[in-house]
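Peer 1: Quick one: this structure, given as structure tokens, is what I'll be asking you about.
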Amino acid sequence: MSKQSDIQARKDRILAIVVNQYIRHTVPVGSQSITDEFRLDVSPATVRNILAELEEEGYLTHPHTSAGRLPTTQGYRYYVDHLMNQIQLLEEEKRRIESECHQYKHQLEMLMEKTSQVLSDLTHYTTIITIDGSDNKIILKGTSYVVEYPEQSDILKIQAILRILEEKENLLNLINRDLENKINIYIGSELPLKEMDSCSLAVSSFEAHGISGRIAVLGPTRMKYERVVSALDYISELLSR
């Protein structure tokens with residue numbers, strides 16, 4: 001590995017640690033905690049320098065009241081595009097999803113209702129399913145999770161997000177965007193509504209028995225991306241089967 005590649009690998013590793021730790025604990029991540037918890041072959045001073053570089057480059061920021069860092073939208077985007085691993089759902093989770101959905105396989109509306117609820121229960125985020133057609137049916141589950149985001153203390157922002165979730169046209173604008181990948185993820189300011197700049201949205205398409213639509217998960221920017229992508233991937237595949 002060249003020196004430049006080695007430097008980039010270290011920066012990627014530390015950025016991934018900050019993102020994962022912030023997702024897990026909702027607390028800004030400091031150089032000392034990184035050095036204490038992770039076996040890195042670099043000194044604490046080097047970790048501090050790398051964190052400063054990542055902040056200068058726009059991937060991290062820090063609250064004025066803390067020496068620790070947290071990811072920016074740019075940091076989450078780099079993590080999702082380059083650093084994220086797709087975790088595997090547990091076999092018992094897969095069996096539960098299949099069992100819940102299988103009993104309604106001949107009742108499309110109930111199948112979509114159950115799928116949305118199972119996905120919301122699994123991720124602890126809001127799920128949205130749209131079914132293509134003349135009336136663009138929308139199924140929404142788990143809106144109560146919006147008020148449980150630990151970092152979301154602005155009541156007016158929570159109310160704005162909940163209002164958007166009540167409006168069919170807004171939901172269709174959120175979900176029915178051109179999909180470039182199997183699963184598309186929109187983070188913070190990448191969403192078309194400024195009231196949702198503290199949220200992330202993961203969207204996949206599905207097709208089952210001639211019916212097509214979108215299935216999506218809405219959570220905070222501090223979303224558990226690996227788990228959400230794994231769940232969406234599995235459920236979209238299951239519906240298509």
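Starting from 1 in every chain, residues are counted up; chains themselves are A, B, ... following the order of the structure tokens, and ligands are numbered from 1 as listed.
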Give me the residues near segment 8-14 of chain A as a VMD selection string, where near means some atom within 12 Å (using only C-alpha atoms) and where sequence neighbours in that chain fewer than 4 positions away do not count.
Peer 2: chain A and resid 1 to 4 18 to 21 29 to 31 33 to 35 37 to 44 46 to 55 57 59 to 60 69 to 71 75 to 76 78 to 84
Peer 1: Do a neighbour search on His124 of chain A at 12 Å with only C-alpha atoms, toss out local chain neighbours closer than 2 positions, and write the hits as a PDB file with all heavy atoms, in the first residue's frame.
Peer 2:
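Written out: around-v2.pdb:
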ATOM      1  N   SER A 116     -45.385  -3.113   5.977  1.00  0.00           N
ATOM      2  CA  SER A 116     -45.002  -1.810   6.507  1.00  0.00           C
ATOM      3  C   SER A 116     -44.833  -1.867   8.022  1.00  0.00           C
ATOM      4  O   SER A 116     -43.873  -1.319   8.583  1.00  0.00           O
ATOM      5  CB  SER A 116     -46.059  -0.769   6.123  1.00  0.00           C
ATOM      6  OG  SER A 116     -45.650   0.524   6.480  1.00  0.00           O
ATOM      7  N   GLN A 117     -45.757  -2.560   8.703  1.00  0.00           N
ATOM      8  CA  GLN A 117     -45.679  -2.657  10.159  1.00  0.00           C
ATOM      9  C   GLN A 117     -44.462  -3.458  10.606  1.00  0.00           C
ATOM     10  O   GLN A 117     -43.753  -3.072  11.543  1.00  0.00           O
ATOM     11  CB  GLN A 117     -46.961  -3.320  10.701  1.00  0.00           C
ATOM     12  CG  GLN A 117     -47.049  -3.299  12.222  1.00  0.00           C
ATOM     13  CD  GLN A 117     -47.129  -1.886  12.764  1.00  0.00           C
ATOM     14  OE1 GLN A 117     -48.059  -1.142  12.451  1.00  0.00           O
ATOM     15  NE2 GLN A 117     -46.150  -1.492  13.584  1.00  0.00           N
ATOM     16  N   VAL A 118     -44.201  -4.578   9.928  1.00  0.00           N
ATOM     17  CA  VAL A 118     -43.055  -5.418  10.277  1.00  0.00           C
ATOM     18  C   VAL A 118     -41.752  -4.649  10.098  1.00  0.00           C
ATOM     19  O   VAL A 118     -40.855  -4.702  10.940  1.00  0.00           O
ATOM     20  CB  VAL A 118     -43.043  -6.707   9.425  1.00  0.00           C
ATOM     21  CG1 VAL A 118     -41.703  -7.422   9.520  1.00  0.00           C
ATOM     22  CG2 VAL A 118     -44.144  -7.646   9.862  1.00  0.00           C
ATOM     23  N   LEU A 119     -41.638  -3.903   9.001  1.00  0.00           N
ATOM     24  CA  LEU A 119     -40.422  -3.136   8.731  1.00  0.00           C
ATOM     25  C   LEU A 119     -40.225  -2.035   9.768  1.00  0.00           C
ATOM     26  O   LEU A 119     -39.105  -1.784  10.225  1.00  0.00           O
ATOM     27  CB  LEU A 119     -40.482  -2.550   7.317  1.00  0.00           C
ATOM     28  CG  LEU A 119     -39.247  -1.799   6.817  1.00  0.00           C
ATOM     29  CD1 LEU A 119     -37.998  -2.659   6.896  1.00  0.00           C
ATOM     30  CD2 LEU A 119     -39.472  -1.305   5.377  1.00  0.00           C
ATOM     31  N   SER A 120     -41.323  -1.389  10.163  1.00  0.00           N
ATOM     32  CA  SER A 120     -41.242  -0.348  11.191  1.00  0.00           C
ATOM     33  C   SER A 120     -40.823  -0.945  12.536  1.00  0.00           C
ATOM     34  O   SER A 120     -39.974  -0.394  13.235  1.00  0.00           O
ATOM     35  CB  SER A 120     -42.591   0.363  11.322  1.00  0.00           C
ATOM     36  OG  SER A 120     -42.523   1.379  12.283  1.00  0.00           O
ATOM     37  N   ASP A 121     -41.413  -2.091  12.885  1.00  0.00           N
ATOM     38  CA  ASP A 121     -41.058  -2.758  14.144  1.00  0.00           C
ATOM     39  C   ASP A 121     -39.589  -3.180  14.146  1.00  0.00           C
ATOM     40  O   ASP A 121     -38.905  -3.106  15.171  1.00  0.00           O
ATOM     41  CB  ASP A 121     -41.926  -4.003  14.361  1.00  0.00           C
ATOM     42  CG  ASP A 121     -43.385  -3.657  14.639  1.00  0.00           C
ATOM     43  OD1 ASP A 121     -43.673  -2.478  14.942  1.00  0.00           O
ATOM     44  OD2 ASP A 121     -44.238  -4.555  14.538  1.00  0.00           O
ATOM     45  N   LEU A 122     -39.113  -3.617  12.993  1.00  0.00           N
ATOM     46  CA  LEU A 122     -37.746  -4.127  12.883  1.00  0.00           C
ATOM     47  C   LEU A 122     -36.708  -3.011  12.994  1.00  0.00           C
ATOM     48  O   LEU A 122     -35.664  -3.165  13.619  1.00  0.00           O
ATOM     49  CB  LEU A 122     -37.593  -4.854  11.541  1.00  0.00           C
ATOM     50  CG  LEU A 122     -36.377  -5.742  11.333  1.00  0.00           C
ATOM     51  CD1 LEU A 122     -36.399  -6.935  12.281  1.00  0.00           C
ATOM     52  CD2 LEU A 122     -36.320  -6.220   9.885  1.00  0.00           C
ATOM     53  N   THR A 126     -40.039   5.157  10.864  1.00  0.00           N
ATOM     54  CA  THR A 126     -41.281   5.273  10.107  1.00  0.00           C
ATOM     55  C   THR A 126     -41.128   4.589   8.759  1.00  0.00           C
ATOM     56  O   THR A 126     -40.091   4.732   8.100  1.00  0.00           O
ATOM     57  CB  THR A 126     -41.616   6.765   9.888  1.00  0.00           C
ATOM     58  OG1 THR A 126     -41.651   7.432  11.155  1.00  0.00           O
ATOM     59  CG2 THR A 126     -42.952   6.928   9.182  1.00  0.00           C
ATOM     60  N   THR A 127     -42.149   3.839   8.337  1.00  0.00           N
ATOM     61  CA  THR A 127     -42.105   3.209   7.016  1.00  0.00           C
ATOM     62  C   THR A 127     -43.242   3.735   6.152  1.00  0.00           C
ATOM     63  O   THR A 127     -44.329   4.050   6.646  1.00  0.00           O
ATOM     64  CB  THR A 127     -42.202   1.673   7.105  1.00  0.00           C
ATOM     65  OG1 THR A 127     -43.417   1.315   7.764  1.00  0.00           O
ATOM     66  CG2 THR A 127     -41.027   1.101   7.867  1.00  0.00           C
ATOM     67  N   LYS A 141     -46.624   3.635   8.539  1.00  0.00           N
ATOM     68  CA  LYS A 141     -46.584   3.025   9.871  1.00  0.00           C
ATOM     69  C   LYS A 141     -45.407   3.605  10.668  1.00  0.00           C
ATOM     70  O   LYS A 141     -44.378   3.957  10.102  1.00  0.00           O
ATOM     71  CB  LYS A 141     -46.408   1.502   9.777  1.00  0.00           C
ATOM     72  CG  LYS A 141     -47.535   0.769   9.059  1.00  0.00           C
ATOM     73  CD  LYS A 141     -48.809   0.745   9.875  1.00  0.00           C
ATOM     74  CE  LYS A 141     -49.890  -0.040   9.163  1.00  0.00           C
ATOM     75  NZ  LYS A 141     -51.160  -0.025   9.900  1.00  0.00           N
ATOM     76  N   GLY A 142     -45.571   3.661  11.983  1.00  0.00           N
ATOM     77  CA  GLY A 142     -44.462   4.035  12.860  1.00  0.00           C
ATOM     78  C   GLY A 142     -44.164   5.520  12.944  1.00  0.00           C
ATOM     79  O   GLY A 142     -43.035   5.902  13.248  1.00  0.00           O
ATOM     80  N   THR A 143     -45.174   6.370  12.717  1.00  0.00           N
ATOM     81  CA  THR A 143     -44.905   7.822  12.796  1.00  0.00           C
ATOM     82  C   THR A 143     -44.515   8.242  14.218  1.00  0.00           C
ATOM     83  O   THR A 143     -43.825   9.240  14.405  1.00  0.00           O
ATOM     84  CB  THR A 143     -46.139   8.640  12.353  1.00  0.00           C
ATOM     85  OG1 THR A 143     -47.276   8.212  13.112  1.00  0.00           O
ATOM     86  CG2 THR A 143     -46.421   8.436  10.877  1.00  0.00           C
ATOM     87  N   SER A 144     -44.936   7.471  15.215  1.00  0.00           N
ATOM     88  CA  SER A 144     -44.606   7.837  16.598  1.00  0.00           C
ATOM     89  C   SER A 144     -43.101   7.790  16.865  1.00  0.00           C
ATOM     90  O   SER A 144     -42.609   8.412  17.805  1.00  0.00           O
ATOM     91  CB  SER A 144     -45.323   6.902  17.581  1.00  0.00           C
ATOM     92  OG  SER A 144     -44.919   5.562  17.384  1.00  0.00           O
ATOM     93  N   TYR A 145     -42.367   7.049  16.034  1.00  0.00           N
ATOM     94  CA  TYR A 145     -40.914   6.964  16.239  1.00  0.00           C
ATOM     95  C   TYR A 145     -40.219   8.310  16.006  1.00  0.00           C
ATOM     96  O   TYR A 145     -39.110   8.530  16.496  1.00  0.00           O
ATOM     97  CB  TYR A 145     -40.298   5.911  15.315  1.00  0.00           C
ATOM     98  CG  TYR A 145     -40.586   4.483  15.748  1.00  0.00           C
ATOM     99  CD1 TYR A 145     -41.271   3.608  14.910  1.00  0.00           C
ATOM    100  CD2 TYR A 145     -40.170   4.008  16.988  1.00  0.00           C
ATOM    101  CE1 TYR A 145     -41.545   2.297  15.306  1.00  0.00           C
ATOM    102  CE2 TYR A 145     -40.436   2.710  17.391  1.00  0.00           C
ATOM    103  CZ  TYR A 145     -41.127   1.860  16.537  1.00  0.00           C
ATOM    104  OH  TYR A 145     -41.391   0.577  16.944  1.00  0.00           O
ATOM    105  N   VAL A 146     -40.876   9.220  15.261  1.00  0.00           N
ATOM    106  CA  VAL A 146     -40.265  10.527  14.977  1.00  0.00           C
ATOM    107  C   VAL A 146     -39.954  11.273  16.268  1.00  0.00           C
ATOM    108  O   VAL A 146     -38.903  11.916  16.387  1.00  0.00           O
ATOM    109  CB  VAL A 146     -41.196  11.378  14.077  1.00  0.00           C
ATOM    110  CG1 VAL A 146     -40.670  12.806  13.959  1.00  0.00           C
ATOM    111  CG2 VAL A 146     -41.320  10.746  12.691  1.00  0.00           C
ATOM    112  N   VAL A 147     -40.830  11.189  17.250  1.00  0.00           N
ATOM    113  CA  VAL A 147     -40.624  11.942  18.494  1.00  0.00           C
ATOM    114  C   VAL A 147     -39.584  11.279  19.391  1.00  0.00           C
ATOM    115  O   VAL A 147     -39.184  11.855  20.407  1.00  0.00           O
ATOM    116  CB  VAL A 147     -41.951  12.111  19.279  1.00  0.00           C
ATOM    117  CG1 VAL A 147     -42.982  12.832  18.443  1.00  0.00           C
ATOM    118  CG2 VAL A 147     -42.488  10.766  19.758  1.00  0.00           C
ATOM    119  N   GLU A 148     -39.122  10.076  19.014  1.00  0.00           N
ATOM    120  CA  GLU A 148     -38.173   9.350  19.860  1.00  0.00           C
ATOM    121  C   GLU A 148     -36.724   9.521  19.414  1.00  0.00           C
ATOM    122  O   GLU A 148     -35.824   8.944  20.018  1.00  0.00           O
ATOM    123  CB  GLU A 148     -38.530   7.854  19.870  1.00  0.00           C
ATOM    124  CG  GLU A 148     -39.886   7.579  20.515  1.00  0.00           C
ATOM    125  CD  GLU A 148     -40.247   6.102  20.506  1.00  0.00           C
ATOM    126  OE1 GLU A 148     -39.348   5.264  20.269  1.00  0.00           O
ATOM    127  OE2 GLU A 148     -41.425   5.787  20.715  1.00  0.00           O
ATOM    128  N   TYR A 149     -36.475  10.284  18.355  1.00  0.00           N
ATOM    129  CA  TYR A 149     -35.086  10.509  17.953  1.00  0.00           C
ATOM    130  C   TYR A 149     -34.383  11.244  19.090  1.00  0.00           C
ATOM    131  O   TYR A 149     -34.776  12.374  19.437  1.00  0.00           O
ATOM    132  CB  TYR A 149     -34.989  11.378  16.695  1.00  0.00           C
ATOM    133  CG  TYR A 149     -35.696  10.867  15.474  1.00  0.00           C
ATOM    134  CD1 TYR A 149     -35.890  11.701  14.379  1.00  0.00           C
ATOM    135  CD2 TYR A 149     -36.177   9.558  15.381  1.00  0.00           C
ATOM    136  CE1 TYR A 149     -36.537  11.261  13.229  1.00  0.00           C
ATOM    137  CE2 TYR A 149     -36.826   9.111  14.253  1.00  0.00           C
ATOM    138  CZ  TYR A 149     -37.007   9.970  13.172  1.00  0.00           C
ATOM    139  OH  TYR A 149     -37.653   9.540  12.056  1.00  0.00           O
ATOM    140  N   VAL A 217     -37.985   3.776   4.269  1.00  0.00           N
ATOM    141  CA  VAL A 217     -37.800   3.934   5.716  1.00  0.00           C
ATOM    142  C   VAL A 217     -37.301   5.361   5.968  1.00  0.00           C
ATOM    143  O   VAL A 217     -36.320   5.798   5.363  1.00  0.00           O
ATOM    144  CB  VAL A 217     -36.774   2.921   6.267  1.00  0.00           C
ATOM    145  CG1 VAL A 217     -36.513   3.175   7.747  1.00  0.00           C
ATOM    146  CG2 VAL A 217     -37.264   1.485   6.057  1.00  0.00           C
ATOM    147  N   LEU A 218     -37.999   6.067   6.843  1.00  0.00           N
ATOM    148  CA  LEU A 218     -37.622   7.430   7.220  1.00  0.00           C
ATOM    149  C   LEU A 218     -37.134   7.422   8.666  1.00  0.00           C
ATOM    150  O   LEU A 218     -37.824   6.940   9.567  1.00  0.00           O
ATOM    151  CB  LEU A 218     -38.829   8.365   7.097  1.00  0.00           C
ATOM    152  CG  LEU A 218     -38.583   9.817   7.508  1.00  0.00           C
ATOM    153  CD1 LEU A 218     -37.784  10.561   6.452  1.00  0.00           C
ATOM    154  CD2 LEU A 218     -39.905  10.535   7.786  1.00  0.00           C
ATOM    155  N   GLY A 219     -35.933   7.942   8.884  1.00  0.00           N
ATOM    156  CA  GLY A 219     -35.379   8.020  10.233  1.00  0.00           C
ATOM    157  C   GLY A 219     -34.545   9.276  10.368  1.00  0.00           C
ATOM    158  O   GLY A 219     -34.531  10.134   9.482  1.00  0.00           O
ATOM    159  N   PRO A 220     -33.829   9.411  11.476  1.00  0.00           N
ATOM    160  CA  PRO A 220     -32.944  10.564  11.644  1.00  0.00           C
ATOM    161  C   PRO A 220     -31.703  10.410  10.773  1.00  0.00           C
ATOM    162  O   PRO A 220     -31.430   9.311  10.266  1.00  0.00           O
ATOM    163  CB  PRO A 220     -32.570  10.487  13.135  1.00  0.00           C
ATOM    164  CG  PRO A 220     -32.632   9.022  13.447  1.00  0.00           C
ATOM    165  CD  PRO A 220     -33.741   8.462  12.612  1.00  0.00           C
ATOM    166  N   MET A 223     -29.384   7.531  11.322  1.00  0.00           N
ATOM    167  CA  MET A 223     -30.066   6.262  11.042  1.00  0.00           C
ATOM    168  C   MET A 223     -29.088   5.088  11.099  1.00  0.00           C
ATOM    169  O   MET A 223     -27.914   5.228  10.756  1.00  0.00           O
ATOM    170  CB  MET A 223     -30.686   6.346   9.640  1.00  0.00           C
ATOM    171  CG  MET A 223     -31.329   5.078   9.130  1.00  0.00           C
ATOM    172  SD  MET A 223     -31.854   5.240   7.387  1.00  0.00           S
ATOM    173  CE  MET A 223     -33.427   6.083   7.577  1.00  0.00           C
ATOM    174  N   LYS A 224     -29.578   3.933  11.515  1.00  0.00           N
ATOM    175  CA  LYS A 224     -28.768   2.708  11.468  1.00  0.00           C
ATOM    176  C   LYS A 224     -28.794   2.190  10.028  1.00  0.00           C
ATOM    177  O   LYS A 224     -29.518   1.258   9.670  1.00  0.00           O
ATOM    178  CB  LYS A 224     -29.316   1.672  12.449  1.00  0.00           C
ATOM    179  CG  LYS A 224     -29.202   2.114  13.894  1.00  0.00           C
ATOM    180  CD  LYS A 224     -29.857   1.122  14.843  1.00  0.00           C
ATOM    181  CE  LYS A 224     -29.737   1.614  16.282  1.00  0.00           C
ATOM    182  NZ  LYS A 224     -30.491   0.761  17.230  1.00  0.00           N
ATOM    183  N   ARG A 227     -28.483  -1.626   9.004  1.00  0.00           N
ATOM    184  CA  ARG A 227     -29.650  -2.444   9.326  1.00  0.00           C
ATOM    185  C   ARG A 227     -30.826  -2.114   8.413  1.00  0.00           C
ATOM    186  O   ARG A 227     -31.536  -2.998   7.945  1.00  0.00           O
ATOM    187  CB  ARG A 227     -30.036  -2.238  10.789  1.00  0.00           C
ATOM    188  CG  ARG A 227     -31.191  -3.121  11.248  1.00  0.00           C
ATOM    189  CD  ARG A 227     -31.258  -3.178  12.757  1.00  0.00           C
ATOM    190  NE  ARG A 227     -32.364  -3.992  13.238  1.00  0.00           N
ATOM    191  CZ  ARG A 227     -32.371  -5.322  13.240  1.00  0.00           C
ATOM    192  NH1 ARG A 227     -31.337  -5.988  12.753  1.00  0.00           N
ATOM    193  NH2 ARG A 227     -33.403  -5.993  13.710  1.00  0.00           N
ATOM    194  N   VAL A 228     -31.034  -0.832   8.157  1.00  0.00           N
ATOM    195  CA  VAL A 228     -32.139  -0.405   7.298  1.00  0.00           C
ATOM    196  C   VAL A 228     -31.967  -0.956   5.883  1.00  0.00           C
ATOM    197  O   VAL A 228     -32.912  -1.494   5.286  1.00  0.00           O
ATOM    198  CB  VAL A 228     -32.247   1.132   7.277  1.00  0.00           C
ATOM    199  CG1 VAL A 228     -33.160   1.609   6.141  1.00  0.00           C
ATOM    200  CG2 VAL A 228     -32.763   1.651   8.612  1.00  0.00           C
ATOM    201  N   ALA A 231     -32.646  -4.707   5.854  1.00  0.00           N
ATOM    202  CA  ALA A 231     -34.073  -5.011   5.981  1.00  0.00           C
ATOM    203  C   ALA A 231     -34.832  -4.678   4.700  1.00  0.00           C
ATOM    204  O   ALA A 231     -35.665  -5.469   4.232  1.00  0.00           O
ATOM    205  CB  ALA A 231     -34.661  -4.246   7.168  1.00  0.00           C
TER     206      ALA A 231
END
Peer 1: Taking the DSSP assignment computed from this structure's backbone, write out as a VMD selection string all residues of segment 56-229 of chain A that belong to helix (DSSP H, G or I).
Peer 2: chain A and resid 56 73 to 83 91 to 102 108 to 123 143 to 148 155 to 166 168 to 175 188 to 190 194 to 196 225 to 229
Peer 1: Which residue gives the smallest distance to Thr72 of chain A among A:Arg95, A:Lys194, A:Arg222, A:Arg241, with only C-alpha atoms counted?
Peer 2: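 Once distances to Thr72 of chain A are computed over only C-alpha atoms, the minimum belongs to A:Arg222.
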Peer 1: In segment 29-134 of chain A, what's strand (DSSP E or B) per DSSP? Answer as an MDAnalysis selection string?
Peer 2: chainID A and resid 29 60:61 69:71 126:131
Peer 1: Output C-alpha atoms of each residue in that selection to a file, as a PDB file, in the first residue's frame.
Peer 2:
ATOM      1  CA  VAL A  29     -16.945  11.215  19.645  1.00  0.00           C
ATOM      2  CA  LEU A  60     -17.261  16.086  10.697  1.00  0.00           C
ATOM      3  CA  THR A  61     -18.317  18.970  12.888  1.00  0.00           C
ATOM      4  CA  ARG A  69     -17.017  15.292  16.745  1.00  0.00           C
ATOM      5  CA  LEU A  70     -20.178  14.196  14.977  1.00  0.00           C
ATOM      6  CA  PRO A  71     -20.827  13.507  11.279  1.00  0.00           C
ATOM      7  CA  THR A 126     -41.281   5.273  10.107  1.00  0.00           C
ATOM      8  CA  THR A 127     -42.105   3.209   7.016  1.00  0.00           C
ATOM      9  CA  ILE A 128     -43.904   4.349   3.903  1.00  0.00           C
ATOM     10  CA  ILE A 129     -45.218   2.143   1.109  1.00  0.00           C
ATOM     11  CA  THR A 130     -46.707   3.569  -2.080  1.00  0.00           C
ATOM     12  CA  ILE A 131     -48.554   1.396  -4.595  1.00  0.00           C
TER      13      ILE A 131
END
Peer 1: Pick the closest to Ser236 of chain A from A:Lys168, A:Arg214, A:Arg24, A:Lys157: which is it, counting only C-alpha atoms?
Peer 2: A:Arg214
Peer 1: Could you state the separation of atom CA of Thr26 of chain A and atom CA of Val203 of chain A in Å, given to one decimal place?
Peer 2: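 Spanning atom CA of Thr26 of chain A to atom CA of Val203 of chain A is a straight-line distance of 24.0 Å.
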Peer 1: Would you work out the distance separating atom CA of Ala160 of chain A from atom CA of Glu180 of chain A, expressed in Å to one decimal?
Peer 2: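 Between these atoms lies a distance of 28.3 Å.
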Peer 1: Measuring atom to atom with only C-alpha atoms, identify which of A:Ile97, A:Leu140, A:Ala16, A:Ile158 is nearest to Asn85 of chain A.
Peer 2: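 Closest residue, counting only C-alpha atoms: A:Ala16.
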Peer 1: Have a look at atom CA of Gln74 of chain A and atom CA of Phe206 of chain A and let me know their distance in Å, one decimal.
Peer 2: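 Rounded to one decimal, the two atoms are 28.6 Å apart.
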